[in-house]
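What follows is the content of protein.csv (CSV, C-alpha atoms).
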chain,number,residue,atom,x,y,z
A,1,MET,CA,26.3,-13.1,-8.3
A,2,THR,CA,25.9,-16.3,-10.4
A,3,PRO,CA,23.1,-18.7,-9.8
A,4,GLU,CA,25.6,-21.2,-8.4
A,5,GLU,CA,26.9,-18.6,-5.9
A,6,LEU,CA,23.4,-17.7,-5.0
A,7,ALA,CA,22.5,-21.3,-4.4
A,8,GLN,CA,25.4,-21.5,-1.9
A,9,ILE,CA,24.9,-18.2,-0.1
A,10,LYS,CA,24.1,-18.2,3.6
A,11,VAL,CA,20.7,-16.6,4.0
A,12,ASP,CA,20.1,-14.8,7.3
A,13,LYS,CA,16.5,-14.1,6.7
A,14,SER,CA,14.0,-15.7,4.4
A,15,VAL,CA,10.8,-13.8,3.5
A,16,ASP,CA,8.1,-16.0,1.9
A,17,ALA,CA,5.8,-13.5,0.1
A,18,ARG,CA,4.3,-16.1,-2.3
A,19,GLY,CA,0.5,-15.8,-2.1
A,20,THR,CA,0.5,-12.1,-1.7
A,21,SER,CA,0.3,-9.7,-4.6
A,22,CYS,CA,1.8,-6.2,-5.1
A,23,PRO,CA,2.6,-4.4,-2.9
A,24,GLY,CA,2.7,-7.3,-0.5
A,25,PRO,CA,6.2,-8.7,-1.3
A,26,LEU,CA,7.8,-5.2,-1.1
A,27,LEU,CA,6.2,-4.4,2.2
A,28,ALA,CA,7.1,-7.8,3.6
A,29,ALA,CA,10.7,-7.2,2.5
A,30,LYS,CA,10.6,-3.7,4.2
A,31,LYS,CA,9.3,-5.2,7.4
A,32,ALA,CA,11.9,-8.0,7.5
A,33,ILE,CA,14.9,-5.8,6.7
A,34,GLY,CA,14.6,-4.2,10.1
A,35,GLN,CA,15.2,-7.7,11.6
A,36,ILE,CA,18.6,-8.3,10.1
A,37,GLU,CA,22.0,-6.6,10.6
A,38,LYS,CA,24.0,-4.7,8.1
A,39,GLY,CA,26.0,-7.1,6.0
A,40,GLN,CA,23.4,-9.9,6.4
A,41,VAL,CA,21.6,-11.6,3.5
A,42,MET,CA,17.9,-11.7,2.9
A,43,GLU,CA,16.0,-13.7,0.4
A,44,VAL,CA,12.5,-12.8,-0.8
A,45,LEU,CA,10.3,-15.5,-2.3
A,46,SER,CA,7.6,-14.2,-4.6
A,47,ALA,CA,5.4,-15.2,-7.5
A,48,ASP,CA,4.5,-11.6,-8.4
A,49,GLU,CA,6.2,-10.3,-11.6
A,50,GLY,CA,6.3,-6.7,-10.5
A,51,THR,CA,8.3,-7.7,-7.5
A,52,LYS,CA,11.3,-8.7,-9.7
A,53,ARG,CA,11.7,-5.0,-10.6
A,54,ASP,CA,10.5,-3.4,-7.4
A,55,ILE,CA,13.0,-5.0,-5.0
A,56,PRO,CA,16.2,-4.2,-7.0
A,57,LYS,CA,14.9,-0.6,-7.3
A,58,TRP,CA,14.2,-0.4,-3.6
A,59,CYS,CA,17.6,-1.8,-2.8
A,60,ALA,CA,19.2,1.0,-5.0
A,61,LYS,CA,17.2,3.6,-3.2
A,62,LYS,CA,17.9,2.3,0.3
A,63,GLY,CA,21.6,1.5,-0.3
A,64,PHE,CA,21.2,-2.3,0.0
A,65,GLU,CA,23.1,-4.6,-2.3
A,66,TYR,CA,20.9,-6.4,-4.8
A,67,LEU,CA,22.7,-9.8,-5.3
A,68,GLY,CA,20.5,-11.5,-7.9
A,69,THR,CA,17.3,-13.4,-8.7
A,70,VAL,CA,16.9,-17.2,-9.1
A,71,GLU,CA,14.0,-18.6,-11.0
A,72,GLU,CA,12.3,-21.6,-9.3
A,73,SER,CA,9.3,-23.6,-10.4
A,74,GLY,CA,6.3,-21.2,-10.2
A,75,TYR,CA,8.1,-18.5,-8.2
A,76,PHE,CA,11.5,-16.8,-7.8
A,77,LYS,CA,13.9,-15.9,-5.1
A,78,ILE,CA,15.5,-12.4,-4.8
A,79,PHE,CA,18.7,-12.1,-2.8
A,80,LEU,CA,19.9,-8.9,-1.2
A,81,ARG,CA,22.5,-7.9,1.3
A,82,LYS,CA,21.7,-5.1,3.8
B,1,MET,CA,13.9,14.3,4.0
B,2,ALA,CA,10.9,12.1,3.4
B,3,LYS,CA,8.9,12.8,0.2
B,4,LYS,CA,5.3,13.8,0.6
B,5,LEU,CA,2.3,12.4,-1.0
B,6,THR,CA,-1.1,14.1,-0.9
B,7,LEU,CA,-4.1,12.0,-1.9
B,8,ALA,CA,-7.5,13.7,-2.7
B,9,LEU,CA,-9.6,10.6,-2.3
B,10,PHE,CA,-13.0,11.3,-3.9
B,11,SER,CA,-14.1,7.8,-4.8
B,12,GLY,CA,-16.3,5.6,-2.6
B,13,SER,CA,-16.1,2.6,-4.9
B,14,VAL,CA,-14.2,-0.5,-4.0
B,15,ASP,CA,-12.2,-0.7,-7.2
B,16,LYS,CA,-10.8,2.8,-6.8
B,17,LEU,CA,-10.3,2.4,-3.0
B,18,THR,CA,-8.4,-0.8,-3.6
B,19,ALA,CA,-6.1,1.0,-6.2
B,20,ALA,CA,-5.5,3.7,-3.6
B,21,GLY,CA,-4.6,1.0,-1.1
B,22,VAL,CA,-1.9,-0.4,-3.4
B,23,ILE,CA,-0.5,3.1,-4.1
B,24,LEU,CA,-0.3,3.7,-0.3
B,25,GLY,CA,1.6,0.4,-0.1
B,26,GLY,CA,4.2,1.8,-2.5
B,27,ALA,CA,4.4,5.0,-0.6
B,28,ALA,CA,4.9,3.1,2.6
B,29,ALA,CA,7.7,1.1,1.1
B,30,GLU,CA,9.4,4.4,0.4
B,31,ASP,CA,8.8,5.8,3.9
B,32,MET,CA,6.8,8.7,2.4
B,33,ASP,CA,4.7,11.1,4.5
B,34,VAL,CA,1.2,10.7,3.3
B,35,GLU,CA,-1.9,12.9,3.8
B,36,ILE,CA,-5.2,11.6,2.6
B,37,PHE,CA,-8.3,13.8,2.3
B,38,VAL,CA,-11.5,11.8,2.2
B,39,LEU,CA,-13.9,13.7,0.0
B,40,LEU,CA,-17.6,13.4,-1.0
B,41,GLN,CA,-18.1,9.8,-2.1
B,42,ALA,CA,-15.2,8.4,-0.2
B,43,ALA,CA,-16.8,9.8,3.0
B,44,PHE,CA,-19.6,7.3,2.4
B,45,ALA,CA,-17.1,4.4,2.3
B,46,PHE,CA,-15.4,5.6,5.4
B,47,LYS,CA,-18.5,5.5,7.5
B,48,LYS,CA,-18.4,2.8,10.2
B,49,GLU,CA,-21.5,1.1,8.9
B,50,ASN,CA,-20.4,1.1,5.3
B,51,ALA,CA,-16.7,0.4,5.2
B,52,LEU,CA,-16.8,-3.4,5.1
B,53,THR,CA,-20.1,-4.0,3.3
B,54,ASN,CA,-19.7,-1.5,0.5
B,55,GLU,CA,-19.1,-3.4,-2.7
B,56,ARG,CA,-19.9,-0.7,-5.3
B,57,VAL,CA,-17.5,-0.5,-8.2
B,58,ALA,CA,-17.1,2.6,-10.4
B,59,GLU,CA,-15.8,1.0,-13.7
B,60,ILE,CA,-16.4,-2.1,-15.8
B,61,THR,CA,-19.5,-2.4,-13.8
B,62,ASP,CA,-20.9,-5.2,-16.0
B,63,LYS,CA,-18.0,-7.4,-14.7
B,64,LYS,CA,-18.4,-6.4,-11.1
B,65,ASP,CA,-18.8,-10.0,-9.8
B,66,GLU,CA,-15.7,-11.2,-11.7
B,67,PHE,CA,-13.7,-8.2,-10.2
B,68,LEU,CA,-14.8,-8.9,-6.6
B,69,ALA,CA,-14.2,-12.7,-7.1
B,70,SER,CA,-10.7,-12.0,-8.4
B,71,LEU,CA,-9.8,-9.8,-5.4
B,72,LYS,CA,-10.8,-12.8,-3.2
B,73,ARG,CA,-8.9,-15.3,-5.4
B,74,LEU,CA,-5.7,-13.2,-5.3
B,75,GLU,CA,-6.1,-12.8,-1.6
B,76,ALA,CA,-5.9,-9.0,-2.0
B,77,PRO,CA,-6.3,-7.3,1.4
B,78,HIS,CA,-9.4,-5.3,1.8
B,79,TRP,CA,-8.8,-1.6,1.2
B,80,THR,CA,-9.3,-0.8,4.9
B,81,GLU,CA,-6.5,-3.4,5.6
B,82,ALA,CA,-4.2,-1.9,3.0
B,83,PHE,CA,-4.7,1.6,4.4
B,84,LYS,CA,-4.1,0.3,7.9
B,85,THR,CA,-0.9,-1.5,6.9
B,86,ALA,CA,0.4,1.7,5.2
B,87,LYS,CA,-0.5,3.6,8.4
B,88,GLU,CA,1.6,1.1,10.4
B,89,MET,CA,4.6,1.4,8.1
B,90,THR,CA,4.9,5.1,7.5
B,91,ASN,CA,3.3,8.5,8.5
B,92,VAL,CA,-0.2,8.5,7.2
B,93,LYS,CA,-2.8,11.1,8.2
B,94,ILE,CA,-6.4,10.5,7.1
B,95,HIS,CA,-8.6,13.6,7.1
B,96,ILE,CA,-12.3,13.5,6.6
B,97,CYS,CA,-13.6,16.5,4.6
B,98,GLY,CA,-16.2,18.1,6.9
B,99,PHE,CA,-18.7,18.8,4.1
B,100,ALA,CA,-18.3,15.3,2.7
B,101,GLY,CA,-19.0,13.9,6.1
B,102,LYS,CA,-22.2,15.9,6.4
B,103,VAL,CA,-23.4,14.8,3.0
B,104,TRP,CA,-23.4,11.2,4.4
B,105,HIS,CA,-24.7,12.2,7.8
B,106,GLY,CA,-21.3,11.9,9.5
B,107,GLU,CA,-21.0,14.7,12.0
B,108,LYS,CA,-18.4,13.4,14.4
B,109,LEU,CA,-15.1,11.6,14.0
B,110,GLU,CA,-16.6,8.5,15.8
B,111,ASP,CA,-19.1,8.2,12.9
B,112,PHE,CA,-16.2,7.1,10.7
B,113,ILE,CA,-13.8,4.1,10.9
B,114,ASP,CA,-10.9,4.3,13.3
B,115,LEU,CA,-8.5,4.9,10.4
B,116,ALA,CA,-9.8,8.5,10.2
B,117,ASP,CA,-7.7,11.0,12.3
B,118,ASP,CA,-9.7,14.2,12.1
B,119,ILE,CA,-12.3,16.3,10.3
B,120,VAL,CA,-10.9,19.2,8.3
B,121,GLY,CA,-11.7,21.9,5.8
B,122,ILE,CA,-10.5,22.6,2.3
B,123,GLY,CA,-7.7,24.9,3.4
B,124,GLU,CA,-5.8,22.0,4.8
B,125,TYR,CA,-6.1,20.1,1.6
B,126,ILE,CA,-4.7,23.0,-0.4
B,127,ASP,CA,-1.8,23.4,2.1
B,128,ALA,CA,-0.9,19.7,1.9
B,129,ALA,CA,-1.2,19.7,-1.9
B,130,GLU,CA,1.1,22.7,-2.2
B,131,ASN,CA,3.8,21.0,-0.2
B,132,ALA,CA,3.5,17.5,-1.7
B,133,ASP,CA,6.0,15.9,-4.1
B,134,ILE,CA,3.2,13.7,-5.4
B,135,ASN,CA,-0.4,14.8,-5.7
B,136,LEU,CA,-3.1,12.4,-6.6
B,137,PHE,CA,-6.9,12.5,-7.2
B,138,ILE,CA,-8.6,9.2,-7.0

Whole structure, structure tokens version:
Amino acid sequence: MTPEELAQIKVDKSVDARGTSCPGPLLAAKKAIGQIEKGQVMEVLSADEGTKRDIPKWCAKKGFEYLGTVEESGYFKIFLRK
Amino acid sequence: MAKKLTLALFSGSVDKLTAAGVILGGAAAEDMDVEIFVLLQAAFAFKKENALTNERVAEITDKKDEFLASLKRLEAPHWTEAFKTAKEMTNVKIHICGFAGKVWHGEKLEDFIDLADDIVGIGEYIDAAENADINLFI
């Protein structure tokens, strides 16, 4: 999805994992994914570089849809659909 | 079927235990089945009276203070917390090697932190290692 589309998307669950380092963000995402329904959208906020690659890989393994990553100031948002 | 990870945890130093904790986090994210064998020096770190106060590091020892300060600065969870989180998120069995326990005067399971599940012998380690997809020695 484009950054514009991602900016508009309805987020069903937001996981703020800034302030935790690897494997914090990945585990926070895993915990939170159990709280949303299939088809719903989750965003993960992180400042940890490794997370940018971990989450898309994890999505591929689990069959979730990785939607894209948006850079913010000092952190980034990763969007995925369950 | 869930992949299996067997960890031969030999080290009782905080730097290596912290690394083990991060790896366990990765295994938990993948819903792996994990078996940890607490060997020799790690048995020291797993004793109730040592677990939280032990600050020994194995490598780059001349920069130990900087290392420990960085762990605090980055708000890294203590290795016992990382192990506990992994245990909550996936199947993790933590076995204390009987001989290692005796080396550090740990005779009963209660001598070790609650994370420990049982006391075992070497046969169980070999069994677990044979069946694992990932084998590690830390």

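If you take only C-alpha atoms and a cut-off of 8 Å, the residues of chain B that reach chain A are Val22, Gly25, Gly26, Ala28, Ala29, Glu30, Leu74, Glu75 and Ala76 of chain B.
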
Coordinates-based distance that separates atom CA of B:Pro77 from atom CA of A:Ser46 (Å, one decimal):
16.6 Å

Spatial neighbours of stretch 80-86 of chain B, max dist 10 Å, only C-alpha atoms, sep filter under 2 positions, as an mmCIF file with C-alpha atoms, in the frame of the given file:
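Result saved to selection.cif:
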data_model
loop_
_atom_site.group_PDB
_atom_site.id
_atom_site.type_symbol
_atom_site.label_atom_id
_atom_site.label_comp_id
_atom_site.auth_asym_id
_atom_site.auth_seq_id
_atom_site.Cartn_x
_atom_site.Cartn_y
_atom_site.Cartn_z
ATOM 1 C CA PRO A 23 2.600 -4.400 -2.900
ATOM 2 C CA GLY A 24 2.700 -7.300 -0.500
ATOM 3 C CA LEU A 27 6.200 -4.400 2.200
ATOM 4 C CA LEU B 17 -10.300 2.400 -3.000
ATOM 5 C CA THR B 18 -8.400 -0.800 -3.600
ATOM 6 C CA ALA B 19 -6.100 1.000 -6.200
ATOM 7 C CA ALA B 20 -5.500 3.700 -3.600
ATOM 8 C CA GLY B 21 -4.600 1.000 -1.100
ATOM 9 C CA VAL B 22 -1.900 -0.400 -3.400
ATOM 10 C CA ILE B 23 -0.500 3.100 -4.100
ATOM 11 C CA LEU B 24 -0.300 3.700 -0.300
ATOM 12 C CA GLY B 25 1.600 0.400 -0.100
ATOM 13 C CA GLY B 26 4.200 1.800 -2.500
ATOM 14 C CA ALA B 27 4.400 5.000 -0.600
ATOM 15 C CA ALA B 28 4.900 3.100 2.600
ATOM 16 C CA ALA B 29 7.700 1.100 1.100
ATOM 17 C CA ASP B 31 8.800 5.800 3.900
ATOM 18 C CA MET B 32 6.800 8.700 2.400
ATOM 19 C CA VAL B 34 1.200 10.700 3.300
ATOM 20 C CA ALA B 45 -17.100 4.400 2.300
ATOM 21 C CA PHE B 46 -15.400 5.600 5.400
ATOM 22 C CA ALA B 51 -16.700 0.400 5.200
ATOM 23 C CA LEU B 52 -16.800 -3.400 5.100
ATOM 24 C CA ALA B 76 -5.900 -9.000 -2.000
ATOM 25 C CA PRO B 77 -6.300 -7.300 1.400
ATOM 26 C CA HIS B 78 -9.400 -5.300 1.800
ATOM 27 C CA GLU B 88 1.600 1.100 10.400
ATOM 28 C CA MET B 89 4.600 1.400 8.100
ATOM 29 C CA THR B 90 4.900 5.100 7.500
ATOM 30 C CA ASN B 91 3.300 8.500 8.500
ATOM 31 C CA VAL B 92 -0.200 8.500 7.200
ATOM 32 C CA ILE B 94 -6.400 10.500 7.100
ATOM 33 C CA ILE B 113 -13.800 4.100 10.900
ATOM 34 C CA ASP B 114 -10.900 4.300 13.300
ATOM 35 C CA LEU B 115 -8.500 4.900 10.400
#

List the neighbours of A:Ile36 out to 9 Å using only C-alpha atoms; skip same-chain residues closer than 5 positions along the sequence, and give me the result as a list in words.
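Contacts, in chain order: Asp12, Lys13, Val41, Met42 and Lys82 of chain A.
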
Long-range neighbours of A:Lys52 as a PyMOL selection string, 10 Å cut-off, all atoms listed in the file, 4 positions minimum in chain
chain A and resi 25-26+44+46-48+56-57+68-69+76-78

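Proximity to stretch 95-99 of chain B at 7 Å, evaluated using only C-alpha atoms and with sequence-adjacent residues fewer than 2 positions away removed, yields Ile36, Phe37, Val38, Leu39, Ala43, Lys93, Gly101, Lys102, Val103, Ala116, Asp117, Asp118, Ile119, Val120 and Gly121 of chain B.
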
Proximity to A:Thr51 - best of A:Leu6, A:Ala17, A:Val11, A:Leu80, all atoms listed in the file:
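When distances to A:Thr51 are compared using all atoms listed in the file, the smallest one comes from A:Ala17.
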
Env of A:Met1: 10 Å cut, atoms = all atoms listed in the file, seq-sep filter 2 positions within chain, self excluded. Answer as a ChimeraX atom specification.
/A:3-7,9,66-69,79

Of the candidates B:Asp15, B:Lys48, B:Ala8, B:Glu59, which shows the shortest atom-to-atom distance to B:Gly106, using all atoms listed in the file?
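Using all atoms listed in the file, B:Gly106 sits closest to B:Lys48.
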
Could the centre and edge lengths of an axis-aligned box, enclosing all atoms of stretch 15-34 of chain A in the file with 8 Å extra on each side, be given in Å to one decimal as JSON?
{"center_x": 7.6, "center_y": -9.9, "center_z": 2.5, "size_x": 30.6, "size_y": 28.4, "size_z": 31.2}

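When atom CA of A:Thr2 is paired with atom CA of A:Gly63, their separation reads 20.9 Å.
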